[in-house]
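Below is one structure, written out as structure tokens; the observations come after it.
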Amino acid sequence: MRLYRGTHTLLLLILLLTYAAISKAEYLSQIELIQSESSNDFVIHFDKNLLFEKNTPLNEGKVLFIRLRFMDTRPLAEQRAFIEETLRVKRSDALPGVSVSYANNDNQLVVTFTQSTKYSVRPGDDGRSIIISLAPTLIKKQVPPILAKPAETQPSNIKDRAPIIEPSPIAAAPEPTQPGASSATPSTIEPATQVATPSRSPAEIDRITKVLLEDAQNALIKKDAAVSINRLNRILGFPPNAQTQTAQALIGEARELNGEIAKARAEYETYLKLFPNGVDAPRIREHLATLPKDQIRARKKTLPKEAGPAQWSFFGNLSANYYGGSSLIDTTTVQGNNTVNQTRLAIVDQKSLITSINLNARRRDAFSDTRIVVRETNNNDALNSSRDYNRLYSAYIDHNDKHIGYYVRFGRQNPNGIGVFERFDGAQVGYNLNPEWRLNAVYGDAVEFNSPFKRSFYGASVDFLPQENGIPGVSLYALNQTLDGLDNRRAVGTEVRYFNGHVNAYGTLDYDVLYQGLNIALLQGNYLTDGGTNFFAVYDRRRAPSFSLTTALVSVPGASLQQIVAAQGVETTRKIAKALSAISSSFSIGFTHPLTTDWQVGADYRLSEISSTRPVSSVSIPISVIGTCVGTIDPNNVDNCLFDTASQQASGLNQALSFQATRNNLFFTNAVGITSASFIKSPTISGQSYSIGYVVPIAQQWRIDGSLRYYTQKDNIGTTLERVSPNLRLSYQWHDSLFLEGEIGQEVSKTDSATQKDKTTRNYFSAGVRWEFR
């Protein structure tokens, strides 16, 4: 049997790695459902650090918009490549289905529920997730009134409870996928489908809850807190029954066993409020007095003695999207009031088919969590085959062993701290010394599509993990990178995370020892008030591009990096690269505020600037190396060519002030109207942007998105630009797994200068289909 299971796993891995030929997933990672005593949380995990800015509508609707900003360290060209991703969780008896889509062209996450839902939105404490908590009215515990009769004889001490039946073979709750992250009370999505529905009779509810209670008692005896919490929460999700009071008493013990002292205290206090004369009330009052008021450190969670049955799951999606576009360009050359020339050009500028696949396999038991992920994309350009590409973005297997306390991920993966900036092929490992401290290491080769260079690196970090009671998490790392065998990056840095329910903050510093300069300094934070007002601020200062020997290539056109290093030496080449690396600085601050349950307003102010670079002069390269001297002959050595690189001019201060207003239930139930206005000022231009948008969900299958945008600007020499962009998008869901989408739009731009007038009309459309499987 063991041989069969091992062969099964190997064949699955080979199948996934071989079959993947076509997906793209740059930002979205996965969605998990985490169940607790007061809410069901959909946790949306991302592969990059993010800043949560706002969500619209505030707390109820069928379509939810979440504005994000990602802390991306990749090259700008790669960041700007259009990416659209979708993840989905199917609906159950107790919870709505959720579809999550992200498009990086507007930094907006669109969450669509299968029904109108009450929720709250907040950033996760790991800096890479968004948590959508469903309102307690959807899944709240149903308990008897305070005056209800106590449950019939129940043991008051868990040690007196002997096992009645073997535990149910339902898999234990999954642990978080981030290495060493602490777990709340995560639960698989599957059990949610078994929560009581109004059609169940009292006798059926009593039968089900008795089995669940026995499972919970057995799990507690075996010190398996996660399973016990899962079963007790499910009991408390039923209407009042004979097991409710006992379950409310036991869940406090389960929380305490799980190291969640604050939650245990809340559960005990809930019991005393609901059952002041209950059979366990005296014991709970006495025990409450012994609990610490605060929990300074998270106690290590006790694992069960046996791993229990494993649970396999397979899911993913397959999609195909066709994009088409054409432009009509009218150009008029003028001299004074006279027209000198008129031309018209009609072109088809886009015909491309993008197909994608996202394959996932997961195996979980009480001790371990193993995932296999493959994501790739294929682009076929019918207009220019040289722009075709097929790129494997992710292909990895990771394993998290809670029993021993280690984490490992092998394969092609996105960076996950330790000073790594690029996607890479390699391995990352972590080991938990205790609930507070973790050691990590990474080794790999950077993956840069179409790059001729090989970047190899290794690094390590030590983490102090975020603790309950708002103690921040801190990571210290060191990393060394070579580029074609040359020392290219030697960095030390730190990351800090803080979260306390109202405040979410993240900061990082990265210093390069080789270049003796600060590479990145970033600080971002949110403050969410009890009334729903969200304040956010970001300060970001970084080298653009990041320190790298390749930046020196612009100083000697036509020469390779090895030739420059051979002529100048590696230290001088580093100085040239540092001189040519500008500093990008930005600061933004803003807020959103709910005026009513339907109206929400917000504003933000942004500053940005790119510094000048330093000039580089007298870079002398042998003419025999470069072939032809396009610089000047070196007067000190006529066989050499001198190159001078002028400094890049600073951009000056760019400012933008934006206002937004959102109306939920506009004209129709669950319809959302959004309007915004932005005012832009820089040393060379001033502009304004206005937009309106409207989203209408129809039944459970259809959704219509419409928008109209207007932009105008004028530069410092009098040239004006006006752009009008209407857009319409239609989505249809067929059954639970097939999605059809279509979009049409137009962009009309007019440019007017003293000598030329241009009008460009571009029409575009897209049509796509996505199949999701589980």
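Residues are named by chain letter and number: chains run A, B, ... in the order of the structure tokens, numbers start at 1 in each chain, and ligands are numbered from 1 in the order shown.
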Open item on the list: I need the residues of segment 379-499 of chain A that end up classed as strand (DSSP E) by DSSP on the backbone, written out as a ChimeraX atom specification.
Closed with: /A:379-381,389-401,406-413,424-432,437-446,455-464,473-483,486-499
Can I get the selected residues back with C-alpha atoms, as an mmCIF file, in the first residue's frame?
data_model
loop_
_atom_site.group_PDB
_atom_site.id
_atom_site.type_symbol
_atom_site.label_atom_id
_atom_site.label_comp_id
_atom_site.auth_asym_id
_atom_site.auth_seq_id
_atom_site.Cartn_x
_atom_site.Cartn_y
_atom_site.Cartn_z
ATOM 1 C CA ASN A 379 0.419 33.682 -26.299
ATOM 2 C CA ASN A 380 -0.187 33.309 -30.053
ATOM 3 C CA ASP A 381 0.046 36.594 -31.938
ATOM 4 C CA TYR A 389 5.741 33.090 -26.310
ATOM 5 C CA ASN A 390 5.182 30.221 -23.953
ATOM 6 C CA ARG A 391 6.240 30.826 -20.379
ATOM 7 C CA LEU A 392 6.214 28.584 -17.365
ATOM 8 C CA TYR A 393 5.557 30.910 -14.446
ATOM 9 C CA SER A 394 5.300 28.369 -11.608
ATOM 10 C CA ALA A 395 6.028 24.662 -11.250
ATOM 11 C CA TYR A 396 6.773 23.644 -7.701
ATOM 12 C CA ILE A 397 6.035 21.222 -4.921
ATOM 13 C CA ASP A 398 6.031 22.369 -1.317
ATOM 14 C CA HIS A 399 5.710 20.452 1.890
ATOM 15 C CA ASN A 400 4.915 21.766 5.377
ATOM 16 C CA ASP A 401 5.576 19.283 8.183
ATOM 17 C CA TYR A 406 9.996 22.283 8.710
ATOM 18 C CA TYR A 407 8.891 23.706 5.366
ATOM 19 C CA VAL A 408 10.395 23.139 1.915
ATOM 20 C CA ARG A 409 9.497 24.260 -1.604
ATOM 21 C CA PHE A 410 11.280 22.995 -4.756
ATOM 22 C CA GLY A 411 10.845 24.223 -8.309
ATOM 23 C CA ARG A 412 9.996 27.421 -10.165
ATOM 24 C CA GLN A 413 8.449 29.872 -7.733
ATOM 25 C CA PHE A 424 13.553 31.657 -9.549
ATOM 26 C CA ASP A 425 14.239 27.970 -10.033
ATOM 27 C CA GLY A 426 15.481 26.493 -6.799
ATOM 28 C CA ALA A 427 14.607 25.610 -3.237
ATOM 29 C CA GLN A 428 13.461 27.448 -0.137
ATOM 30 C CA VAL A 429 13.424 25.771 3.265
ATOM 31 C CA GLY A 430 12.419 26.795 6.773
ATOM 32 C CA TYR A 431 12.605 25.267 10.237
ATOM 33 C CA ASN A 432 10.656 26.324 13.326
ATOM 34 C CA TRP A 437 11.630 31.749 16.006
ATOM 35 C CA ARG A 438 12.220 30.292 12.557
ATOM 36 C CA LEU A 439 15.300 29.808 10.361
ATOM 37 C CA ASN A 440 15.059 29.991 6.540
ATOM 38 C CA ALA A 441 17.391 29.404 3.615
ATOM 39 C CA VAL A 442 17.098 29.801 -0.152
ATOM 40 C CA TYR A 443 19.147 28.784 -3.182
ATOM 41 C CA GLY A 444 18.354 29.178 -6.863
ATOM 42 C CA ASP A 445 18.770 30.722 -10.292
ATOM 43 C CA ALA A 446 16.713 33.770 -11.240
ATOM 44 C CA ARG A 455 21.865 35.074 -11.894
ATOM 45 C CA SER A 456 22.513 32.573 -9.128
ATOM 46 C CA PHE A 457 22.020 33.271 -5.442
ATOM 47 C CA TYR A 458 21.886 31.853 -1.961
ATOM 48 C CA GLY A 459 20.687 33.398 1.273
ATOM 49 C CA ALA A 460 19.377 32.863 4.789
ATOM 50 C CA SER A 461 17.146 34.611 7.283
ATOM 51 C CA VAL A 462 16.056 34.398 10.891
ATOM 52 C CA ASP A 463 12.454 35.313 11.704
ATOM 53 C CA PHE A 464 10.789 36.371 14.905
ATOM 54 C CA GLY A 473 7.208 40.038 13.472
ATOM 55 C CA VAL A 474 10.767 40.801 12.368
ATOM 56 C CA SER A 475 12.953 39.098 9.769
ATOM 57 C CA LEU A 476 16.696 39.649 9.263
ATOM 58 C CA TYR A 477 18.272 38.303 6.076
ATOM 59 C CA ALA A 478 21.502 38.134 4.092
ATOM 60 C CA LEU A 479 21.787 37.197 0.412
ATOM 61 C CA ASN A 480 24.607 36.829 -2.126
ATOM 62 C CA GLN A 481 24.014 36.829 -5.891
ATOM 63 C CA THR A 482 26.349 36.300 -8.837
ATOM 64 C CA LEU A 483 25.781 37.304 -12.460
ATOM 65 C CA LEU A 486 30.597 37.967 -11.114
ATOM 66 C CA ASP A 487 29.553 39.184 -7.663
ATOM 67 C CA ASN A 488 26.436 41.198 -8.468
ATOM 68 C CA ARG A 489 24.481 41.617 -5.223
ATOM 69 C CA ARG A 490 25.405 41.156 -1.560
ATOM 70 C CA ALA A 491 22.525 42.389 0.524
ATOM 71 C CA VAL A 492 21.513 42.534 4.158
ATOM 72 C CA GLY A 493 18.057 43.645 5.130
ATOM 73 C CA THR A 494 15.047 43.391 7.356
ATOM 74 C CA GLU A 495 11.277 43.067 7.087
ATOM 75 C CA VAL A 496 8.885 44.094 9.854
ATOM 76 C CA ARG A 497 5.172 43.302 10.115
ATOM 77 C CA TYR A 498 2.670 44.578 12.671
ATOM 78 C CA PHE A 499 -1.026 43.814 13.043
#
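You can rank A:Pro545, A:Thr662, A:Thr112, A:Gly127 by their closest distance to Thr508 of chain A using only C-alpha atoms, and at the top of that list sits A:Gly127.
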Open item on the list: Rounded to one decimal, what separation in Å do you get between atom CA of Thr550 of chain A and atom CA of Gly652 of chain A?
Closed with: 25.8 Å
Test item: residues at most 10 Å from Gln108 of chain A, only C-alpha atoms, excluding those fewer than 6 positions along its chain, as an mmCIF file with N, CA, C and O atoms, in the first residue's frame:
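Result went into selection_8.cif, see below:
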data_model
loop_
_atom_site.group_PDB
_atom_site.id
_atom_site.type_symbol
_atom_site.label_atom_id
_atom_site.label_comp_id
_atom_site.auth_asym_id
_atom_site.auth_seq_id
_atom_site.Cartn_x
_atom_site.Cartn_y
_atom_site.Cartn_z
ATOM 1 N N LYS A 54 -8.706 50.273 -0.112
ATOM 2 C CA LYS A 54 -10.124 50.471 0.173
ATOM 3 C C LYS A 54 -10.927 49.330 -0.432
ATOM 4 O O LYS A 54 -10.442 48.569 -1.264
ATOM 5 N N ASN A 55 -12.165 49.202 0.028
ATOM 6 C CA ASN A 55 -13.102 48.265 -0.600
ATOM 7 C C ASN A 55 -14.442 48.952 -0.806
ATOM 8 O O ASN A 55 -14.847 49.832 -0.040
ATOM 9 N N PHE A 65 -15.480 45.359 -4.742
ATOM 10 C CA PHE A 65 -14.262 45.851 -5.367
ATOM 11 C C PHE A 65 -13.244 46.184 -4.277
ATOM 12 O O PHE A 65 -13.562 46.911 -3.328
ATOM 13 N N ILE A 66 -12.028 45.661 -4.408
ATOM 14 C CA ILE A 66 -10.971 45.898 -3.426
ATOM 15 C C ILE A 66 -9.776 46.512 -4.152
ATOM 16 O O ILE A 66 -9.228 45.922 -5.082
ATOM 17 N N ARG A 67 -9.416 47.700 -3.732
ATOM 18 C CA ARG A 67 -8.285 48.406 -4.347
ATOM 19 C C ARG A 67 -6.996 48.033 -3.632
ATOM 20 O O ARG A 67 -6.906 48.125 -2.400
ATOM 21 N N LEU A 68 -5.982 47.592 -4.394
ATOM 22 C CA LEU A 68 -4.724 47.128 -3.833
ATOM 23 C C LEU A 68 -3.549 47.860 -4.469
ATOM 24 O O LEU A 68 -3.664 48.423 -5.545
ATOM 25 N N ARG A 69 -2.435 47.790 -3.776
ATOM 26 C CA ARG A 69 -1.162 48.250 -4.355
ATOM 27 C C ARG A 69 -0.121 47.213 -3.974
ATOM 28 O O ARG A 69 0.016 46.854 -2.808
ATOM 29 N N SER A 101 -11.323 37.859 -9.048
ATOM 30 C CA SER A 101 -10.586 38.188 -10.270
ATOM 31 C C SER A 101 -9.689 39.389 -10.014
ATOM 32 O O SER A 101 -10.092 40.336 -9.327
ATOM 33 N N TYR A 102 -8.495 39.333 -10.569
ATOM 34 C CA TYR A 102 -7.565 40.450 -10.426
ATOM 35 C C TYR A 102 -6.970 40.799 -11.785
ATOM 36 O O TYR A 102 -6.537 39.917 -12.530
#
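If you look at atom CA of Leu514 of chain A and atom CA of Thr572 of chain A, they are 11.6 Å away from each other.
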Open item on the list: Taking the DSSP secondary structure from the backbone, can you list the residues of segment 582-641 of chain A that are helix (DSSP H, G or I), as an NGL selection string?
Closed with: :A and (623-626)
- [ ] For Thr632 of chain A, work out the shell of residues within 8 Å, counting only C-alpha atoms and skipping chain neighbours fewer than 3 positions away, then give it as a VMD selection string.
- [x] chain A and resid 629 641 to 643
Convert the current residue selection to file output with C-alpha atoms, as a short mmCIF file (atom, residue, chain, number, x, y, z; two decimals), in the first residue's frame.
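Output file result-v4.cif is given in full below:
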data_model
loop_
_atom_site.label_atom_id
_atom_site.label_comp_id
_atom_site.auth_asym_id
_atom_site.auth_seq_id
_atom_site.Cartn_x
_atom_site.Cartn_y
_atom_site.Cartn_z
CA CYS A 629 34.35 53.46 -32.08
CA CYS A 641 37.52 54.43 -27.59
CA LEU A 642 36.24 56.85 -24.93
CA PHE A 643 32.58 56.92 -23.91
#
Task: Nearest residue to Ile347 of chain A from the set A:Asp224, A:Gly316, A:Gln335, A:Thr761 (distances using only C-alpha atoms) - done: A:Thr761
- [ ] Write out as a PyMOL selection string each polymer residue whose atoms come within 12 Å of Ile132 of chain A, counting only C-alpha atoms; drop sequence neighbours fewer than 2 positions from it.
- [x] chain A and resi 31-35+39-45+55+58-60+64-66+98+100+111-113+117-124+129-130+134-135
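A straight line drawn from atom CA of Asp736 of chain A to atom CA of Glu772 of chain A is 8.2 Å long.
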